[in-house]
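Heads up, work.txt below (compact mmCIF, C-alpha atoms and all ligand atoms):
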```txt
# COMPACT_ATOMS: atom_id res chain seq x y z
CA MET A 20 7.57 -11.23 -15.32
CA ILE A 21 4.00 -11.02 -16.49
CA THR A 22 3.57 -14.75 -16.04
CA LEU A 23 4.83 -14.60 -12.46
CA LYS A 24 2.65 -11.62 -11.72
CA TYR A 25 -0.49 -13.34 -12.91
CA LEU A 26 0.49 -16.55 -11.14
CA CYS A 27 0.69 -14.59 -7.89
CA LEU A 28 -2.55 -12.76 -8.58
CA SER A 29 -4.33 -15.95 -9.60
CA LEU A 30 -3.22 -17.73 -6.48
CA LEU A 31 -4.42 -14.78 -4.44
CA LEU A 32 -7.82 -14.81 -6.09
CA LEU A 33 -8.09 -18.59 -5.83
CA ALA A 34 -7.25 -18.56 -2.14
CA THR A 35 -9.64 -15.70 -1.47
CA SER A 36 -12.57 -17.13 -3.37
CA ALA A 37 -12.14 -20.61 -1.99
CA HIS A 38 -12.19 -19.55 1.64
CA ALA A 39 -14.16 -16.34 1.80
CA GLY A 40 -17.31 -16.04 3.85
CA THR A 41 -18.06 -18.02 6.95
CA MET A 42 -15.29 -20.59 7.11
CA THR A 43 -14.06 -21.37 10.61
CA GLN A 44 -10.46 -22.43 10.91
CA THR A 45 -9.69 -25.29 13.26
CA ASP A 46 -6.24 -26.37 12.09
CA TRP A 47 -3.57 -23.86 13.08
CA SER A 48 -0.58 -25.99 12.15
CA MET A 49 -0.28 -24.59 8.64
CA LEU A 50 0.38 -21.12 10.00
CA ASN A 51 3.80 -22.37 11.05
CA PHE A 52 4.30 -19.92 13.89
CA GLY A 53 7.15 -22.03 15.23
CA THR A 54 8.52 -21.77 18.71
CA GLY A 55 10.11 -18.36 18.61
CA PRO A 56 11.71 -16.43 20.13
CA TYR A 57 9.82 -13.40 18.87
CA PRO A 58 10.17 -9.79 19.86
CA THR A 59 8.12 -9.57 23.01
CA TRP A 60 6.13 -6.62 21.84
CA TRP A 61 4.52 -8.38 18.88
CA ARG A 62 1.54 -10.55 19.57
CA ILE A 63 -0.40 -12.11 16.75
CA PHE A 64 -4.13 -11.85 16.26
CA ASP A 65 -5.85 -13.78 13.51
CA ILE A 66 -8.81 -11.79 12.26
CA GLY A 67 -9.99 -13.33 9.04
CA SER A 68 -9.87 -17.09 9.26
CA ASN A 69 -12.22 -17.33 12.24
CA LEU A 70 -14.60 -14.66 11.05
CA ASP A 71 -18.14 -15.97 11.15
CA CYS A 72 -20.61 -13.12 11.27
CA THR A 73 -23.65 -15.31 10.63
CA SER A 74 -23.30 -17.22 13.89
CA ASN A 75 -22.57 -14.14 15.98
CA PRO A 76 -24.54 -11.15 14.72
CA ASP A 77 -23.19 -9.02 17.56
CA ASP A 78 -19.89 -8.95 15.66
CA VAL A 79 -21.50 -6.84 12.97
CA SER A 80 -21.48 -3.22 14.08
CA LEU A 81 -21.31 -1.55 10.68
CA GLN A 82 -23.88 -1.96 7.93
CA ALA A 83 -22.40 -1.25 4.52
CA LYS A 84 -24.29 0.00 1.50
CA GLU A 85 -22.68 -0.54 -1.87
CA TYR A 86 -22.23 2.20 -4.45
CA LEU A 87 -20.86 1.39 -7.89
CA VAL A 88 -18.28 3.93 -9.03
CA ASP A 89 -17.14 2.26 -12.28
CA SER A 90 -17.86 -1.13 -13.82
CA PHE A 91 -15.51 -0.82 -16.81
CA PHE A 92 -12.17 -0.23 -15.12
CA GLU A 93 -10.34 -3.20 -16.61
CA ARG A 94 -8.35 -5.33 -14.16
CA ALA A 95 -8.68 -2.76 -11.39
CA MET A 96 -5.68 -3.02 -9.06
CA ALA A 97 -5.58 -0.16 -6.59
CA VAL A 98 -7.73 2.60 -5.14
CA THR A 99 -7.24 5.63 -2.94
CA CYS A 100 -8.97 8.91 -2.10
CA GLY A 101 -8.22 12.63 -2.30
CA ASP A 102 -10.01 15.88 -3.13
CA VAL A 103 -8.41 16.08 -6.56
CA ASN A 104 -10.24 19.19 -7.78
CA GLY A 105 -10.34 21.02 -4.46
CA ASP A 106 -14.13 21.48 -4.33
CA GLY A 107 -14.41 20.08 -0.81
CA TYR A 108 -15.77 16.73 -1.97
CA MET A 109 -13.61 13.62 -1.60
CA ASP A 110 -12.84 11.97 -4.95
CA ILE A 111 -11.63 8.46 -5.79
CA LEU A 112 -8.48 7.53 -7.70
CA GLY A 113 -7.67 4.17 -9.26
CA ALA A 114 -5.04 2.16 -11.12
CA SER A 115 -5.95 -0.49 -13.67
CA ASP A 116 -3.44 -3.19 -14.51
CA THR A 117 -4.04 -2.88 -18.24
CA HIS A 118 -2.71 0.66 -18.59
CA GLU A 119 -4.67 3.30 -16.78
CA ILE A 120 -4.55 5.85 -13.95
CA ALA A 121 -7.84 7.67 -13.46
CA TRP A 122 -9.94 9.59 -10.95
CA TRP A 123 -13.65 9.81 -10.40
CA GLN A 124 -15.13 13.15 -9.44
CA ASN A 125 -17.62 13.06 -6.57
CA ASN A 126 -20.13 15.27 -8.37
CA ASP A 127 -22.28 16.54 -5.52
CA GLY A 128 -20.40 15.29 -2.48
CA SER A 129 -22.93 12.56 -1.75
CA GLY A 130 -20.84 9.85 -3.40
CA SER A 131 -23.78 8.69 -5.47
CA THR A 132 -22.76 10.06 -8.89
CA TRP A 133 -19.28 10.07 -10.37
CA SER A 134 -17.58 11.51 -13.46
CA LYS A 135 -14.46 9.72 -14.66
CA HIS A 136 -11.32 11.61 -15.71
CA GLN A 137 -8.25 9.86 -17.13
CA ILE A 138 -4.78 10.82 -15.97
CA ASP A 139 -2.60 8.35 -17.92
CA THR A 140 -3.75 5.72 -20.41
CA SER A 141 -0.42 4.05 -21.18
CA PHE A 142 0.88 3.13 -17.73
CA LEU A 143 1.21 -0.62 -18.39
CA GLY A 144 0.86 -2.86 -15.37
CA ALA A 145 -0.31 -0.05 -13.08
CA ALA A 146 -0.37 -1.64 -9.65
CA SER A 147 -0.42 1.09 -7.01
CA ILE A 148 -1.19 4.78 -6.50
CA ASP A 149 -1.09 7.51 -3.89
CA CYS A 150 -2.40 11.07 -3.86
CA LYS A 151 -0.22 13.77 -2.28
CA ASP A 152 0.86 17.33 -3.14
CA ILE A 153 4.29 16.41 -4.44
CA ASN A 154 5.38 19.92 -5.53
CA GLY A 155 3.75 21.79 -2.66
CA ASP A 156 1.62 24.11 -4.81
CA GLY A 157 -1.56 23.29 -2.91
CA PHE A 158 -2.97 20.98 -5.57
CA PRO A 159 -2.99 17.21 -4.87
CA ASP A 160 -0.90 15.22 -7.33
CA VAL A 161 -0.84 11.50 -8.11
CA VAL A 162 1.98 8.96 -7.72
CA GLY A 163 1.96 5.58 -9.46
CA ALA A 164 3.89 2.29 -9.78
CA ALA A 165 3.75 0.15 -12.94
CA PHE A 166 4.85 -3.49 -12.73
CA ASP A 167 5.24 -4.04 -16.47
CA LEU A 168 7.16 -0.80 -17.07
CA ASN A 169 9.31 -1.05 -13.90
CA ASP A 170 8.30 2.55 -13.49
CA ILE A 171 7.60 5.05 -10.72
CA ARG A 172 6.19 8.39 -11.83
CA TRP A 173 4.01 11.24 -10.65
CA TRP A 174 1.47 13.38 -12.43
CA GLU A 175 1.23 17.06 -11.63
CA ASN A 176 -2.25 18.49 -11.18
CA VAL A 177 -1.16 21.71 -12.87
CA ASP A 178 -4.13 23.99 -12.25
CA GLY A 179 -5.88 22.13 -9.44
CA SER A 180 -8.83 21.20 -11.65
CA GLY A 181 -7.74 17.59 -12.06
CA LEU A 182 -8.25 17.97 -15.79
CA ASN A 183 -4.70 18.90 -16.83
CA TRP A 184 -1.81 16.64 -15.88
CA VAL A 185 1.92 16.81 -16.55
CA GLU A 186 3.91 13.60 -16.16
CA HIS A 187 7.19 13.46 -14.22
CA SER A 188 9.47 10.43 -14.04
CA VAL A 189 10.98 9.31 -10.75
CA CYS A 190 12.48 5.90 -11.64
CA THR A 191 12.34 3.73 -14.76
CA TYR A 192 14.21 0.66 -13.51
CA LEU A 193 12.47 -0.65 -10.38
CA ASN A 194 11.98 -4.22 -11.57
CA GLY A 195 8.39 -5.29 -10.93
CA ALA A 196 7.32 -2.01 -9.28
CA TYR A 197 4.32 -3.06 -7.23
CA SER A 198 3.62 -0.66 -4.37
CA VAL A 199 4.12 3.09 -3.94
CA LYS A 200 3.46 5.65 -1.20
CA SER A 201 4.28 9.28 -0.69
CA ALA A 202 5.32 10.70 2.69
CA ASP A 203 7.87 13.16 4.02
CA ILE A 204 10.46 10.59 5.09
CA ASN A 205 13.17 13.09 6.14
CA ALA A 206 10.78 15.71 7.57
CA ASP A 207 12.08 18.58 5.43
CA GLY A 208 8.58 19.63 4.42
CA TYR A 209 8.71 18.00 0.98
CA TYR A 210 6.79 14.85 0.11
CA ASP A 211 9.09 11.97 -0.87
CA ILE A 212 8.23 8.74 -2.67
CA ILE A 213 8.70 5.20 -1.35
CA ALA A 214 8.24 2.03 -3.42
CA ALA A 215 8.59 -1.75 -3.43
CA GLY A 216 9.90 -3.75 -6.41
CA PHE A 217 8.62 -7.31 -6.52
CA MET A 218 11.24 -8.62 -8.95
CA ALA A 219 13.98 -6.29 -7.71
CA ASN A 220 13.45 -7.40 -4.09
CA ASP A 221 13.94 -3.75 -3.20
CA ILE A 222 12.45 -1.18 -0.88
CA ILE A 223 13.61 2.25 -2.07
CA TRP A 224 12.77 5.86 -1.28
CA TRP A 225 13.40 8.87 -3.43
CA GLU A 226 14.08 12.20 -1.79
CA ASN A 227 12.28 15.19 -3.25
CA THR A 228 15.43 17.25 -2.86
CA ASP A 229 14.15 20.77 -3.55
CA GLY A 230 10.40 20.24 -3.15
CA SER A 231 9.72 20.74 -6.86
CA GLY A 232 9.32 17.04 -7.63
CA GLU A 233 11.85 17.45 -10.45
CA LEU A 234 15.00 16.25 -8.67
CA TRP A 235 15.01 12.88 -6.94
CA GLU A 236 17.81 11.32 -4.92
CA GLU A 237 17.57 7.56 -4.48
CA HIS A 238 18.06 5.85 -1.12
CA THR A 239 17.91 2.08 -0.75
CA VAL A 240 16.17 0.89 2.40
CA ASP A 241 16.52 -2.84 1.75
CA GLY A 242 17.92 -4.54 -1.36
CA ASP A 243 17.18 -8.10 -0.30
CA PHE A 244 13.49 -8.25 0.55
CA SER A 245 12.37 -11.10 -1.68
CA GLY A 246 9.17 -10.45 -3.61
CA ALA A 247 8.58 -7.03 -2.02
CA VAL A 248 4.91 -6.62 -2.71
CA ASN A 249 3.47 -3.97 -0.42
CA ILE A 250 4.53 -1.12 1.89
CA ASN A 251 3.03 1.27 4.36
CA ILE A 252 4.51 4.29 6.15
CA ASP A 253 4.04 5.11 9.83
CA ASP A 254 5.97 6.00 12.99
CA LEU A 255 5.92 2.64 14.74
CA ASN A 256 8.25 3.48 17.63
CA HIS A 257 6.93 6.95 18.53
CA ASP A 258 10.23 8.76 17.96
CA GLY A 259 8.74 11.26 15.54
CA TYR A 260 10.46 9.72 12.51
CA LEU A 261 8.47 7.94 9.83
CA ASP A 262 9.28 4.24 9.42
CA ILE A 263 8.51 1.79 6.61
CA ILE A 264 6.54 -1.44 6.91
CA GLY A 265 6.79 -4.09 4.19
CA ALA A 266 5.52 -7.47 3.03
CA ALA A 267 7.81 -9.88 1.17
CA GLN A 268 5.66 -12.40 -0.65
CA LEU A 269 8.47 -14.70 -1.75
CA GLY A 270 10.54 -14.08 1.41
CA LYS A 271 7.40 -14.93 3.44
CA GLU A 272 8.13 -12.08 5.80
CA VAL A 273 6.54 -8.99 7.32
CA ALA A 274 9.08 -6.46 8.58
CA TRP A 275 9.60 -2.81 9.40
CA TRP A 276 12.56 -0.55 8.93
CA GLU A 277 13.34 1.99 11.60
CA ASN A 278 14.26 5.44 10.31
CA GLN A 279 16.96 5.70 12.92
CA ASP A 280 17.86 9.39 12.97
CA GLY A 281 14.99 10.77 10.91
CA SER A 282 17.22 11.52 7.92
CA GLY A 283 16.15 8.43 5.99
CA GLU A 284 19.83 7.55 5.57
CA ILE A 285 20.08 4.82 8.22
CA TRP A 286 17.52 2.03 8.35
CA VAL A 287 17.43 -0.75 10.92
CA LYS A 288 15.35 -3.75 9.92
CA HIS A 289 13.06 -5.43 12.44
CA THR A 290 11.36 -8.65 11.40
CA ILE A 291 7.81 -8.85 12.72
CA LYS A 292 7.23 -12.39 11.44
CA ASP A 293 9.00 -14.68 9.01
CA ASN A 294 8.01 -18.13 7.78
CA LEU A 295 4.60 -16.85 6.78
CA SER A 296 3.02 -18.58 3.80
CA GLY A 297 3.09 -15.55 1.50
CA PRO A 298 2.26 -12.08 2.80
CA THR A 299 0.43 -9.87 0.31
CA SER A 300 -0.24 -6.58 2.08
CA VAL A 301 0.53 -4.58 5.20
CA TYR A 302 -1.20 -1.71 6.94
CA SER A 303 -0.74 0.14 10.22
CA ALA A 304 -3.17 1.57 12.76
CA ASP A 305 -3.78 1.61 16.50
CA VAL A 306 -6.10 -1.37 16.42
CA ASN A 307 -6.80 -1.70 20.16
CA GLY A 308 -6.66 1.97 21.12
CA ASP A 309 -3.68 1.74 23.49
CA GLY A 310 -1.79 4.54 21.75
CA ASN A 311 0.67 2.24 19.96
CA ILE A 312 0.59 1.80 16.19
CA ASP A 313 -0.02 -1.86 15.35
CA VAL A 314 0.62 -3.71 12.09
CA LEU A 315 -1.92 -5.61 9.99
CA SER A 316 -1.19 -8.05 7.20
CA THR A 317 -2.82 -10.48 4.85
CA ASP A 318 -1.34 -13.85 4.00
CA LEU A 319 -1.86 -15.71 0.76
CA PHE A 320 -1.80 -19.43 1.38
CA SER A 321 -3.01 -19.50 4.98
CA ASN A 322 -6.06 -17.43 3.98
CA THR A 323 -5.55 -15.16 6.95
CA VAL A 324 -5.99 -11.54 7.93
CA LEU A 325 -3.70 -10.83 10.87
CA TRP A 326 -2.76 -7.99 13.15
CA TRP A 327 0.33 -7.70 15.27
CA GLU A 328 0.10 -5.83 18.52
CA ASN A 329 2.85 -3.32 19.16
CA GLU A 330 3.31 -3.73 22.89
CA ASN A 331 5.93 -1.00 23.32
CA CA B 401 -13.44 16.84 -5.18
CA CA B 402 0.76 19.75 -6.51
CA CA B 403 11.10 15.05 2.35
CA CA B 404 9.92 6.01 13.98
```

Could you write out this structure as structure tokens?
Amino acid sequence: MITLKYLCLSLLLLATSAHAGTMTQTDWSMLNFGTGPYPTWWRIFDIGSNLDCTSNPDDVSLQAKEYLVDSFFERAMAVTCGDVNGDGYMDILGASDTHEIAWWQNNDGSGSTWSKHQIDTSFLGAASIDCKDINGDGFPDVVGAAFDLNDIRWWENVDGSGLNWVEHSVCTYLNGAYSVKSADINADGYYDIIAAGFMANDIIWWENTDGSGELWEEHTVDGDFSGAVNINIDDLNHDGYLDIIGAAQLGKEVAWWENQDGSGEIWVKHTIKDNLSGPTSVYSADVNGDGNIDVLSTDLFSNTVLWWENEN
């Protein structure tokens, strides 16, 4: 498992480093879009492979200034944000592949100085995190996925200081746990947990049955999504029910599952695109401001950043 994981990661890094910067793509044949048919409401936009900011400075509307938060976070894998200690300043949380879940306190709110606090130092293969108030006590908690441990767990921020954490297990057998999110899938007011297992080929959600985060009921969304590597949660069809978007690296597919009646019990799969070279991540946002939530993805071997317009 470890070998496969590092093969995938190495290929990702190799592809990224070899083609980053100002490369302009002229050969589109390798994208293998085929002849369709495709759902009419998905149109593809290739963002990354034609990106050349040096030749068209008008493309650059945002100037970024770099701030270093931590330079010793070994094999850093994932990052997110949340006001962990409730002081009104947004903090940063991270997962390191070696073993660690940690957060960095935004000391004065400016984002220029940070104090590191460890949450878990034995979470081997930590690959993904999210920050949500799992037990509804008003204090943001942390959810994590560990590839090497096949583990999904959450850490309770017991007094809201971010300095005292109690670990709670959700699942110990999601083979190759690689991506995790928390959202209220069944709209009962309690945050649930959704995860992807790379080796299990699974997309699963766990229902926070009484809102305490102690009792979890497992629901399989898809048990045959090969190399499930990344998920995102959003309401793609505007019916008020949260849906799940996923990337299957080995299955070469980006898809979404419709939460048909809002209970999270019935999921209808919709393929956005198959025959990709190796999708690595998905995200959702209204990219063009038409009120519809679109889907974004990255693709390993075609070196592309794509977005898919939701035309409904
Ligand atoms: Ca804070
Ligand atoms: Ca909490
Ligand atoms: Ca719920
Ligand atoms: Ca929906």

Give the answer as one residue: which of A:Ile291, A:Met109, A:Cys150, A:Ala114 has the shortest atom-to-atom distance to ligand CA 402 (chain B), using all atoms listed in the file?
A:Cys150

Check the smallest atom-to-atom distance from each of A:Glu237, A:Asp102, A:Asp89, A:Asp243 to Met218 in chain A using all atoms listed in the file, then report the winner.
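Ranking A:Glu237, A:Asp102, A:Asp89, A:Asp243 by distance to Met218 in chain A, first place goes to A:Asp243.
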
Site check for ligand CA 404 (chain B): residues at most 12 Å away, only C-alpha atoms and all ligand atoms, as a ChimeraX atom specification:
/A:204-206,252-264,275-283,285-289,311-312

Counting only C-alpha atoms, the residue of A:Val177, A:Ala164, A:Leu295, A:Val88 that sits nearest Gly130 in chain A
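Between A:Val177, A:Ala164, A:Leu295, A:Val88, the residue approaching Gly130 in chain A most closely is A:Val88.
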
Show me which residues line ligand CA 402 (chain B), defined as having an atom within 8 Å of a ligand atom where all atoms listed in the file count, and present them as a list of chain:residue names.
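The residues near ligand CA 402 (chain B) are A:Lys151, A:Asp152, A:Ile153, A:Asn154, A:Gly155, A:Asp156, A:Gly157, A:Phe158, A:Pro159, A:Asp160, A:Glu175, A:Asn176, A:Val177, A:Gly179.
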
Distance table requested - chain A against ligand CA 401 (chain B), cut-off 8 Å, all atoms listed in the file: one row per qualifying residue with the closest atom pair and its distance in Å to one decimal, ordered by chain and rising residue number, as a Markdown table.
```
| residue | atom | partner | partner_atom | distance |
| --- | --- | --- | --- | --- |
| A:Gly101 | CA | B:CA401 | CA | 7.3 |
| A:Asp102 | CA | B:CA401 | CA | 4.1 |
| A:Val103 | CA | B:CA401 | CA | 5.3 |
| A:Asn104 | CA | B:CA401 | CA | 4.7 |
| A:Gly105 | CA | B:CA401 | CA | 5.3 |
| A:Asp106 | CA | B:CA401 | CA | 4.8 |
| A:Gly107 | CA | B:CA401 | CA | 5.5 |
| A:Tyr108 | CA | B:CA401 | CA | 4.0 |
| A:Met109 | CA | B:CA401 | CA | 4.8 |
| A:Asp110 | CA | B:CA401 | CA | 4.9 |
| A:Gln124 | CA | B:CA401 | CA | 5.9 |
| A:Asn125 | CA | B:CA401 | CA | 5.8 |
| A:Asn126 | CA | B:CA401 | CA | 7.6 |
| A:Gly128 | CA | B:CA401 | CA | 7.6 |
```

Using all atoms listed in the file, which protein or nucleic acid residues are at most 8 Å from ligand CA 403 (chain B), as a list in words?
Ala202, Asp203, Ile204, Asn205, Ala206, Asp207, Gly208, Tyr209, Tyr210, Asp211, Glu226, Asn227, Thr228 and Gly230 of chain A

Can you patch up range 157-180 of chain A, filling it in to N, CA and C atoms, and show the result as an mmCIF file, keeping the file's coordinate frame?
```cif
data_model
loop_
_atom_site.group_PDB
_atom_site.id
_atom_site.type_symbol
_atom_site.label_atom_id
_atom_site.label_comp_id
_atom_site.auth_asym_id
_atom_site.auth_seq_id
_atom_site.Cartn_x
_atom_site.Cartn_y
_atom_site.Cartn_z
ATOM 1 N N GLY A 157 -0.199 23.274 -3.444
ATOM 2 C CA GLY A 157 -1.560 23.290 -2.910
ATOM 3 C C GLY A 157 -2.528 22.407 -3.655
ATOM 4 N N PHE A 158 -2.101 21.853 -4.788
ATOM 5 C CA PHE A 158 -2.970 20.980 -5.570
ATOM 6 C C PHE A 158 -2.510 19.524 -5.414
ATOM 7 N N PRO A 159 -3.401 18.611 -5.039
ATOM 8 C CA PRO A 159 -2.990 17.210 -4.870
ATOM 9 C C PRO A 159 -2.565 16.577 -6.189
ATOM 10 N N ASP A 160 -1.426 15.902 -6.149
ATOM 11 C CA ASP A 160 -0.900 15.220 -7.330
ATOM 12 C C ASP A 160 -1.070 13.707 -7.150
ATOM 13 N N VAL A 161 -0.647 12.947 -8.131
ATOM 14 C CA VAL A 161 -0.840 11.500 -8.110
ATOM 15 C C VAL A 161 0.496 10.805 -8.362
ATOM 16 N N VAL A 162 0.764 9.759 -7.588
ATOM 17 C CA VAL A 162 1.980 8.960 -7.720
ATOM 18 C C VAL A 162 1.564 7.551 -8.123
ATOM 19 N N GLY A 163 2.337 6.915 -9.028
ATOM 20 C CA GLY A 163 1.960 5.580 -9.460
ATOM 21 C C GLY A 163 3.158 4.649 -9.640
ATOM 22 N N ALA A 164 2.893 3.334 -9.517
ATOM 23 C CA ALA A 164 3.890 2.290 -9.780
ATOM 24 C C ALA A 164 3.331 1.370 -10.860
ATOM 25 N N ALA A 165 4.173 1.030 -11.853
ATOM 26 C CA ALA A 165 3.750 0.150 -12.940
ATOM 27 C C ALA A 165 4.667 -1.072 -13.005
ATOM 28 N N PHE A 166 4.096 -2.233 -12.750
ATOM 29 C CA PHE A 166 4.850 -3.490 -12.730
ATOM 30 C C PHE A 166 5.495 -3.778 -14.082
ATOM 31 N N ASP A 167 4.728 -3.663 -15.152
ATOM 32 C CA ASP A 167 5.240 -4.040 -16.470
ATOM 33 C C ASP A 167 6.302 -3.073 -16.989
ATOM 34 N N LEU A 168 6.209 -1.819 -16.602
ATOM 35 C CA LEU A 168 7.160 -0.800 -17.070
ATOM 36 C C LEU A 168 8.333 -0.630 -16.124
ATOM 37 N N ASN A 169 8.271 -1.245 -14.932
ATOM 38 C CA ASN A 169 9.310 -1.050 -13.900
ATOM 39 C C ASN A 169 9.451 0.430 -13.554
ATOM 40 N N ASP A 170 8.322 1.096 -13.450
ATOM 41 C CA ASP A 170 8.300 2.550 -13.490
ATOM 42 C C ASP A 170 7.608 3.140 -12.269
ATOM 43 N N ILE A 171 8.244 4.206 -11.725
ATOM 44 C CA ILE A 171 7.600 5.050 -10.720
ATOM 45 C C ILE A 171 7.519 6.453 -11.300
ATOM 46 N N ARG A 172 6.329 7.027 -11.330
ATOM 47 C CA ARG A 172 6.190 8.390 -11.830
ATOM 48 C C ARG A 172 5.120 9.142 -11.059
ATOM 49 N N TRP A 173 5.095 10.473 -11.245
ATOM 50 C CA TRP A 173 4.010 11.240 -10.650
ATOM 51 C C TRP A 173 3.439 12.177 -11.690
ATOM 52 N N TRP A 174 2.183 12.511 -11.505
ATOM 53 C CA TRP A 174 1.470 13.380 -12.430
ATOM 54 C C TRP A 174 1.077 14.643 -11.673
ATOM 55 N N GLU A 175 1.479 15.763 -12.251
ATOM 56 C CA GLU A 175 1.230 17.060 -11.630
ATOM 57 C C GLU A 175 -0.159 17.571 -12.022
ATOM 58 N N ASN A 176 -0.913 17.909 -11.012
ATOM 59 C CA ASN A 176 -2.250 18.490 -11.180
ATOM 60 C C ASN A 176 -2.033 19.990 -11.368
ATOM 61 N N VAL A 177 -1.791 20.408 -12.629
ATOM 62 C CA VAL A 177 -1.160 21.710 -12.870
ATOM 63 C C VAL A 177 -1.999 22.912 -12.448
ATOM 64 N N ASP A 178 -3.305 22.831 -12.613
ATOM 65 C CA ASP A 178 -4.130 23.990 -12.250
ATOM 66 C C ASP A 178 -5.135 23.682 -11.142
ATOM 67 N N GLY A 179 -4.998 22.482 -10.543
ATOM 68 C CA GLY A 179 -5.880 22.130 -9.440
ATOM 69 C C GLY A 179 -7.262 21.669 -9.870
ATOM 70 N N SER A 180 -7.506 21.636 -11.179
ATOM 71 C CA SER A 180 -8.830 21.200 -11.650
ATOM 72 C C SER A 180 -8.918 19.688 -11.758
#
```
